[in-house]
Structure formats: structure tokens, C-alpha cells
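Novice: Can you keep this structure in mind? I'll have questions shortly.
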There are 2 protein chains.
Amino acid sequence: MSTIPYKIYLEEQEMPKSWYNVRADMKKKPAPILNPGTGKPVTKEELSGIFCEELAGQELDDTTPYIDIPEEIRNFYKMYRPSPLVRAYCLEKKLDTPAHIYYKFEGNNTSGSHKLNSAIAQAYYAKKQGLKGVTTETGAGQWGTALSMACSYFDLDCQVYMVKVSYEQKPFRREVMRTYGATVTPSPSMNTEVGRKINAEFPGTTGSLGCAISEAVEAAVSQEGYRYVLGSVLAQVLLHQSVIGLETQAALKKYGIKPDMIIGCAGGGSNLGGLVAPFVGEMLRGENHYQIIAVEPASCPSLTRGVYAYDFCDTGKVCPLAKMYTLGSGFIPSANHAGGLRYHGMSSIVSELYDQGLISARSVEQTSVFEAAQTFARIEGILPAPESSHAIRVAIDEAMKCKETGEEKNIVFGLTGTGYFDMVAYQRYNDGEMTDHIPTDEELKASIDLLPKIG
Amino acid sequence: MSTIPYKIYLEEQEMPKSWYNVRADMKKKPAPILNPGTGKPVTKEELSGIFCEELAGQELDDTTPYIDIPEEIRNFYKMYRPSPLVRAYCLEKKLDTPAHIYYKFEGNNTSGSHKLNSAIAQAYYAKKQGLKGVTTETGAGQWGTALSMACSYFDLDCQVYMVKVSYEQKPFRREVMRTYGATVTPSPSMNTEVGRKINAEFPGTTGSLGCAISEAVEAAVSQEGYRYVLGSVLAQVLLHQSVIGLETQAALKKYGIKPDMIIGCAGGGSNLGGLVAPFVGEMLRGENHYQIIAVEPASCPSLTRGVYAYDFCDTGKVCPLAKMYTLGSGFIPSANHAGGLRYHGMSSIVSELYDQGLISARSVEQTSVFEAAQTFARIEGILPAPESSHAIRVAIDEAMKCKETGEEKNIVFGLTGTGYFDMVAYQRYNDGEMTDHIPTDEELKASIDLLPKIG
């Protein structure tokens, strides 16, 4: 085993040529998304008003196992993929564990995260359909950054509604998007009806993701040649993100490594869903067994403390209803620096796999997450994003269990991105001022009680 | 040639096992550095009071062509090296040039730049000598970040004196260093005699690199078990940075590519010197010829408008004298966002190679640099550091010349790092508010007239 390099890079020709659609191998499929007006499953025609046609098709396709990655997208992938699968030799040594730790590092591109894998696909299909541009919302900014890059590559207009508080507190994120040619508008804005209404109702509001989604959707449907795009939760996003898992699977196979557990952080589920999809596929087909762990923040514990029910995907309740593990679309998590994990629900696919027992889940508290982040940064040299650090926390915990038991487990986790734009959070941690709030049962009940009564 | 991948990664076993010391192949060597007190060449004993012994030896060794990279350093290198040599297919297509453009990307690590290559070496030798820690100064912050990472890896104390204006304006840089366990002190501070003196003399001063160097040197010599380390200019730094050029050379050879020109940005010369060293070696040995271009900012044009003379390496005049192309140690360049290129002089090695005509030089104006940076970012997907973008500017200019002439030149340039912490500069550019000041002949004469009269 000493021949395993620090970084396993696939050759360019070993990169996946298709995405893997895990729904095709699921006997019990994720529940369909519903039109909030009719309460009936959304049709492709209905979806095509909001999304590009081809993406609407991918969203609803739960039978085709492999979907070709168009050549233009594969060429873009070649600029930053294959991403390395890294053997964490230094971390293993530091922990003095018999476990073998691997991480798939998705931060090796300017967007700084895995979000680019789907952004480029969504931009491509928009371009192919002859659209002028796309609209989206961004909170922490990783998705907006990735989409800006993708749109500049395909010469598409990109309109980003950025939650006002982030727009003001994360000026650098904003400037990255502007450098890539995107228009970044603080939300709520005066550009849209819903924005003007919210500004009138709540003067001085600093906005919310729910509001930004509503604005972006309105901007898409009210402009000729525009569609709305989203960076997580959706089945199409998990499909595109399967490139992470397919590369991981290929790299492990190349070196004859069989993972015992696969760990990923989970907010909306885009990274986790993509990373574990091919491994879950093996399990669904009865070929292998793996322990798969979704890690979520204790402040926003949709899998570990939520309910499995139909809910709105957005706080503004303009998007379709999805069956998912949710805390209720009105749930507002306490300030948590892992902005990408503050979503009230979980992708329908991940939710269904969790419900079937193929994925387990664990929640972790923020200070312990940053402790793991710091340990990792100091020994492995990569400054991880707060989101990614949730997976690091559990990977370290599991490696320490192996130290007790003497087991040589192969632990694989997803390192979704870098923390360059999260230094305010690191500063709080460095200054010993980090706090967290784990919602009480009463708080959760209050928002869960407001779930729509469907299904 | 269509078989050249987007990214050429060497295998781990193809990584260099020795650094290359270009001085060994130079018939006319760089002039020795002088003790400012005696005016005589500095001895290893004298240098060992400031630097680790082994580094003092490397600084003065101009005869050994290859110096083994210790295994501990090679293991650290494996965490982020080999760095990719990227074929800029997308940029070529965008420019519609017959030229083939390659860049060696050194931003693939948390420090975000090539500085880590020398930081880890300097930290290693400090640890090996049994030191407690090291001191240094940082301006823009890339060096301080790299050194913090290296020291945390070897469990060494790291004291960084950060120019006060940067400390306040770049809090995120500061926090990265703190996350890696470094102590970051705004300079001038009250920790040192020189700092107290400057604070008393100039109340409210925001500091300068010269002052921070003086404080770091004083802190090193006044604490038991500490030495001072520096991230550029020195011969030892260029030695360590030769890993960039050696990897580039090996990767090009692997695919049978003969570069026509090699372009690098030049501030103190650490990146350029490292990138071009092995190629200059081929030229010195009469094996090959390449066009080598050092690119500097028009606001700080040491090679293109300076004089070749002995000068102080620091504004505080506490360091040895070096013969170099210089604008005078009192020269203060106008505010230029490429903080890493604001040095008044140039590495003695690069200076001597330039004087011998082996390296040419070109200066570029800041707005045109950011224009190139933006073009590059949008099409190649990497957000470049302002420093690196100087090389991009000239690479694009040369590729456009090839378009006119129809020549299929192979252009290789060094992409030293990422611009994540330089978004203030990008913002100025995005807002059309970028300015630059090219010094007048009178301004240059004023500082050059003050050069010490030596040699």
C-alpha cells in the first residue's frame, strides 16, 4: 500500500463521460415534486417555464442511469478536473491512527467549491437553448461565484440576487462575481415586484435566501430569454455532481482501495448526493456495502431532527413542493458560519436514500467543526470551507475510533471547498468568540407544525 | 500535438529530488553580498547570526549545481506539488492565436502562491537546527501566510511583523496566518526598539516594509533560539524556487514541447528566478536558447529603469548590501495593488543574468494588467493574483504578435498565485477607478542619487 501517492489524479481520458443518475437504480423512487397550485406532480412543460428544457427533463428523469456529459462541458471540466483524491498521510500521522484517510478535494478552482460542476452544465444547456441569460440567488456566495464563471465562459448574462447582508459583509465575493461579468444585486431590491413589496413592508431589511429566490425567479420569468437556475437540492444538480463520486470511485478502483465509509457534509445535498451516488448505486444493485454518513450542523439538523414530508423548497413559497426531510420552510437557523448548510430541507433523493437506510446522518456543533478545520489546515495545508469542515470533523472522529479499536478502515470524505472567503468565521474561532445555537424541540416543533398538509 | 492534456501533472516519482543552483553554471557569478559595517563580503559566520546555518551556507554557495531536497521537504511538497503545467487551450481559442500557451500554476495551495516552496525549506532547516522559531515581515501577506503554514507543519513558533496598513486593510490575510498559529504583529509595534523609536518619531505611521524588516530582524537576534527568514531576493530563496522550473522543464520534456519564450513576473525575483533557472542553465551550458522575459510594474521598474549597483536590501539599512538592479532603497513606488512587486531592487542572481543579456525585461502599466487578469479569469477560470497578471499581460501580448505573424510559438509563463485576497484591487478595476503612477525620471534620479558609493 505504500505505493499510493499523496494525490491520486486520474488521467484526462479516465474522466467520466456520463453522469450517473442514482434514481434509475432505486426501486422506490423519490416522491415527485408537486405544483403548489394544483397539488399534482409538476410536468416537464410546467418546469420548462422556469428551467431550461433539457434541465427540466433531467429533473424529472428517474429511469435513465447514465446521461452523456456533452463535449463542451467535458472540455470545461478539463480545466479544473479531475480533482485530486488525496491520501491524508500527514493527518493520519498526526492522529496516530491505523485508519487510511482519503479526501476528494473540490476546491481547486476559482469558484472555490464543487458548485462549478453543476453551474457549467446549467449554463451550457441555457446557451444551447439560445437563452440570453440566467438568474439565481446566492447566500454565502459559492454558487453565485461558480455560476458567474460558467456564464462568462459561455458568454451568457448572469444576474445574481445576493442576500443583502452577505452583499454588504462579503464584498470580496461580490467582486469575484463582478470580475466574471455578473450583475450582482442586493436582495431585496427595487428591481422586482416582490423585492419592492418586501422593502415597503420591512424597511431596512437585510434580506433572506427565501426572498432572494423569489426575486430571482420573478426576474427569470419576467424577462424574455431568461431562466432560473439553482445550485443545490434539485435532482439535476445531484446528477451533475455525480462527477465527484464517479471520479472518486475510479481513483479508488485504480489503486485497489475499498472504502469502508464515505462521509460528506449536507446542506441541500448537492455535494453529498454527488459524492455518494455511484457507491449507493453499488449498494442498490447489491454489489457492495458501504457506511455512508451525511454530516449536518447541529443548528440546522434537517435529517437528524426533521420530518419526512412535503414542504416548500423556498421560504417565499413560489417554488414547487418537494418531499424531503425538513425543519419547515419557516425555520430560521441561528447564525451559522457554514452558510451553505443553512437550508431548512434536504434534497429529495438524499432524503429518500436516508429514509431507506442507505445513508446515515450525524449532526455536529460549530466550535468542534472549526477545531477540526484548524487541525486539518495546519497539517494538510488546505484551509477548508466551514461547510466542508463538517465532514472533516466526523472523519477525524471516525479515525480516532479506529485508533481505539485498531481497525485499518478506509475513510473517504468530500472536501467540498476552500475557506478563503470565510475568514470572519475563522477570526471568531481564533478569538474564542464562536457561538452556536442548537434549536430546542419547541423551536423545531413550531416551524414543523406549519408544514403544508400534503401527501 | 492534440494529445497534450489541459493539465500536465508529473507523477510523484517524477518530482525533482534536488534543487538547481544556477550560480554554479554562471561563469561570471553574481557579486557577493557585503557586510554594511566592513564593506567586505559577508562570511557564513556573520550570516549565521541572522539565518539558520544551513541556509547561510546555501546563500553563499555559488559552485554546487544540485543540492538535495531533504526527504521531509519532499514529503511536504507532495501535499501540493507537482503543480500543474496547464495548456491554455481556452485562452488560445479566445485570442484566436496560433501560439501554444502554457502556464505553470503555483496557486494550488492554501498560501495561494509559490512562496510555500521556500517557506517549507526555511522552516525545515530552522527545525533541524533545533530553533524555537522564526521571525519575518510581510507586506501583501503571501509570504507570511506561506511561512505560517510551514511553521505549523514543523511545530515552530512563527512571528510575523505585518506592515500596519496591510494588517488593518487585509484582516483576512491576518486571520489565515493566525489560523495557522502565527503571531501577527502590526508594524511598527512596541515590541522592538526600532518599532518604539519609529512610533515615537512618526506617531500614527502606518508602517512600511523596510520598517517591518528591521523589526523582524531585531526580534530574531534578540530572542534565544530564533532566526530571521525572508521570502524573496535571496539566493537561497531562488534555489528553493527552482523546483518550479525543474517541474516545468520535466513536464515540457515529457510531452516533447520546446518553449520559445518563458515569461515571469518579477518583484524581488523569487518566482522568475525559480521558474527560469533550469532553462537559463541550458543556455549557460550552450545547450539551448530561449527568450526569457521578466515583467515588472511600470510603477516600480527596477530592471528597465534602475541602475546596477550595490544597495541596501531594506529601507532600514540593517541588512547586507547586495549588487542589484535598483531604484534606490529610498524609492517608494506609488500605490500599486501588486504588493509583491513593490520592491526597490532585484535579486542579485536575476540582476546578473539580466546584465549578461540572458534575461530581458519589460514593464507594464497596472490597468492593462488587470484587463489581462480579467480576460484570463473569465476564460481560464482561475482568478489570478495581480502579481501573476503581469506575466499574463505579456503572454497575451506575445500571443497576439504570433497571430499577426502566424508563428506557432510555445509560450510558457508562470502563474504564481491566486487573487482571492486582492479583491479590493479588482473592485477598483471593476469600478473603473484604478490608477497608476509611472515615476518620472526626476523621481528615479532622486532616489538613485542616494545609493551608497560602493564597488
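Identifiers for the C-alpha cells are assigned positionally: chains receive A, B, ... in sequence, residues are indexed from 1 per chain, and ligands are indexed from 1 in the order shown.
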Would you pick out the contacts of Ser222 (chain B) at 12 Å or less, using only C-alpha atoms, so that residues sharing its chain but fewer than 5 positions from it are not included, and give the list as number ranges by chain?

Specialist: B: 49-50, 134-135, 191-193, 215-217, 227-228

Novice: Using only C-alpha atoms, determine which residues lie at most 10 Å from Leu321 (chain A), disregarding the query and same-chain residues fewer than 3 positions distant; provide the list as an mmCIF file with N, CA and C atoms, in the first residue's frame.

Specialist:
data_model
loop_
_atom_site.group_PDB
_atom_site.id
_atom_site.type_symbol
_atom_site.label_atom_id
_atom_site.label_comp_id
_atom_site.auth_asym_id
_atom_site.auth_seq_id
_atom_site.Cartn_x
_atom_site.Cartn_y
_atom_site.Cartn_z
ATOM 1 N N PRO A 32 -42.429 12.504 -6.289
ATOM 2 C CA PRO A 32 -42.384 13.568 -7.303
ATOM 3 C C PRO A 32 -42.557 14.953 -6.689
ATOM 4 N N ILE A 33 -42.001 15.979 -7.363
ATOM 5 C CA ILE A 33 -42.246 17.345 -6.895
ATOM 6 C C ILE A 33 -43.626 17.778 -7.392
ATOM 7 N N LEU A 34 -44.270 18.596 -6.580
ATOM 8 C CA LEU A 34 -45.667 18.958 -6.866
ATOM 9 C C LEU A 34 -45.798 20.430 -7.229
ATOM 10 N N ASN A 35 -46.731 20.689 -8.125
ATOM 11 C CA ASN A 35 -47.111 22.056 -8.448
ATOM 12 C C ASN A 35 -47.863 22.623 -7.238
ATOM 13 N N PRO A 36 -47.421 23.737 -6.669
ATOM 14 C CA PRO A 36 -48.061 24.236 -5.455
ATOM 15 C C PRO A 36 -49.491 24.687 -5.720
ATOM 16 N N GLY A 37 -49.796 25.033 -6.972
ATOM 17 C CA GLY A 37 -51.160 25.462 -7.302
ATOM 18 C C GLY A 37 -52.124 24.304 -7.377
ATOM 19 N N GLY A 39 -51.275 20.921 -6.665
ATOM 20 C CA GLY A 39 -51.015 19.793 -5.785
ATOM 21 C C GLY A 39 -50.670 18.527 -6.550
ATOM 22 N N LYS A 40 -50.517 18.627 -7.867
ATOM 23 C CA LYS A 40 -50.212 17.461 -8.691
ATOM 24 C C LYS A 40 -48.737 17.486 -9.117
ATOM 25 N N PRO A 41 -48.204 16.315 -9.504
ATOM 26 C CA PRO A 41 -46.811 16.290 -9.956
ATOM 27 C C PRO A 41 -46.578 17.305 -11.069
ATOM 28 N N VAL A 42 -45.481 17.997 -10.964
ATOM 29 C CA VAL A 42 -45.130 19.018 -11.946
ATOM 30 C C VAL A 42 -44.803 18.342 -13.272
ATOM 31 N N ALA A 309 -41.558 14.913 4.867
ATOM 32 C CA ALA A 309 -42.877 15.386 4.438
ATOM 33 C C ALA A 309 -42.742 16.339 3.265
ATOM 34 N N TYR A 310 -43.839 16.588 2.603
ATOM 35 C CA TYR A 310 -43.844 17.601 1.537
ATOM 36 C C TYR A 310 -43.688 18.981 2.158
ATOM 37 N N ASP A 311 -42.849 19.789 1.507
ATOM 38 C CA ASP A 311 -42.655 21.147 2.017
ATOM 39 C C ASP A 311 -42.282 22.054 0.848
ATOM 40 N N PHE A 312 -42.401 23.335 1.075
ATOM 41 C CA PHE A 312 -41.927 24.292 0.082
ATOM 42 C C PHE A 312 -40.397 24.305 0.079
ATOM 43 N N CYS A 313 -39.830 24.462 -1.128
ATOM 44 C CA CYS A 313 -38.370 24.497 -1.235
ATOM 45 C C CYS A 313 -37.818 25.858 -0.838
ATOM 46 N N ASP A 314 -38.660 26.857 -0.828
ATOM 47 C CA ASP A 314 -38.195 28.215 -0.534
ATOM 48 C C ASP A 314 -39.084 28.844 0.526
ATOM 49 N N LYS A 317 -42.244 30.436 -0.820
ATOM 50 C CA LYS A 317 -43.305 29.514 -1.253
ATOM 51 C C LYS A 317 -43.742 29.703 -2.712
ATOM 52 N N VAL A 318 -42.796 30.094 -3.581
ATOM 53 C CA VAL A 318 -43.129 30.216 -5.002
ATOM 54 C C VAL A 318 -42.691 28.991 -5.786
ATOM 55 N N MET A 324 -39.315 15.869 1.441
ATOM 56 C CA MET A 324 -37.930 15.866 1.926
ATOM 57 C C MET A 324 -37.904 15.868 3.452
ATOM 58 N N PRO A 452 -47.083 22.381 5.121
ATOM 59 C CA PRO A 452 -48.335 22.194 4.382
ATOM 60 C C PRO A 452 -48.836 20.767 4.583
ATOM 61 N N ILE A 454 -49.917 17.880 3.067
ATOM 62 C CA ILE A 454 -49.971 17.202 1.765
ATOM 63 C C ILE A 454 -49.367 15.800 1.886
#

Novice: Residues of region 252-352 of chain B in helix (DSSP H, G or I) according to DSSP, as a ChimeraX atom specification?

Specialist: /B:252-254,270-284,302-305,339-341,348-352

Novice: When you count only C-alpha atoms, which of these residues is closest to Leu147 (chain B): B:Pro65, B:Gly245, B:Gly231, B:Pro5?

Specialist: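 Nearest to Leu147 (chain B): B:Gly231.
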
Novice: Just want the 9 Å neighbourhood of Ser299 (chain A), counted on only C-alpha atoms, with same-chain residues fewer than 4 positions away dropped. Output as a PyMOL selection string.

Specialist: chain A and resi 333-336+342+363-366+436-439

Novice: Find the residues around Gly274 (chain B) up to 7 Å (only C-alpha atoms counted), leave out those fewer than 5 positions away in its own chain, and share them as a CSV table (one decimal) with all heavy atoms, in the first residue's frame.

Specialist:
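That gives us part-v7.csv:
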chain,number,residue,atom,x,y,z
B,238,LEU,N,15.8,31.7,-4.3
B,238,LEU,CA,15.7,31.3,-5.7
B,238,LEU,C,16.1,29.8,-5.9
B,238,LEU,O,15.6,29.1,-6.7
B,238,LEU,CB,16.7,32.2,-6.5
B,238,LEU,CG,16.0,33.4,-7.1
B,238,LEU,CD1,15.7,34.5,-6.0
B,238,LEU,CD2,16.8,34.0,-8.2
B,239,LEU,N,17.0,29.4,-5.0
B,239,LEU,CA,17.4,27.9,-5.1
B,239,LEU,C,16.2,27.1,-4.8
B,239,LEU,O,15.9,26.2,-5.6
B,239,LEU,CB,18.5,27.7,-4.0
B,239,LEU,CG,18.9,26.2,-3.8
B,239,LEU,CD1,19.7,25.7,-5.0
B,239,LEU,CD2,19.7,26.0,-2.5
B,241,GLN,N,13.1,27.9,-5.0
B,241,GLN,CA,12.0,28.1,-6.1
B,241,GLN,C,12.4,27.4,-7.4
B,241,GLN,O,11.5,27.3,-8.3
B,241,GLN,CB,11.8,29.6,-6.3
B,241,GLN,CG,11.2,30.3,-5.1
B,241,GLN,CD,9.8,29.8,-4.7
B,241,GLN,OE1,9.2,29.0,-5.4
B,241,GLN,NE2,9.3,30.3,-3.6
B,242,SER,N,13.6,26.9,-7.5
B,242,SER,CA,14.0,26.2,-8.8
B,242,SER,C,13.1,25.0,-9.0
B,242,SER,O,13.0,24.5,-10.1
B,242,SER,CB,15.4,25.8,-8.8
B,242,SER,OG,15.7,24.8,-7.8
B,243,VAL,N,12.4,24.6,-7.9
B,243,VAL,CA,11.5,23.4,-8.1
B,243,VAL,C,10.4,23.7,-9.1
B,243,VAL,O,10.0,22.8,-9.8
B,243,VAL,CB,10.9,23.0,-6.7
B,243,VAL,CG1,9.9,24.1,-6.2
B,243,VAL,CG2,10.2,21.7,-6.8
B,244,ILE,N,10.1,25.0,-9.2
B,244,ILE,CA,9.1,25.4,-10.2
B,244,ILE,C,9.6,25.2,-11.6
B,244,ILE,O,9.0,24.5,-12.5
B,244,ILE,CB,8.7,26.9,-10.1
B,244,ILE,CG1,8.3,27.3,-8.7
B,244,ILE,CG2,7.7,27.3,-11.2
B,244,ILE,CD1,8.1,28.8,-8.6
B,245,GLY,N,10.8,25.6,-11.9
B,245,GLY,CA,11.4,25.5,-13.2
B,245,GLY,C,11.7,24.0,-13.5
B,245,GLY,O,11.5,23.6,-14.7

Novice: Rank A:Glu247, A:Ile101, A:Ala220, A:Gly112 by their smallest atom-to-atom distance to Trp19 (chain A), using only C-alpha atoms, and report the top residue only.

Specialist: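 So, comparing all the options, the nearest one is A:Glu247.
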
Novice: Can you measure CA of Ala372 (chain A) to CA of Arg393 (chain A) for me? One decimal in Å is fine.

Specialist: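 Taking CA of Ala372 (chain A) and CA of Arg393 (chain A), their separation equals 5.2 Å.
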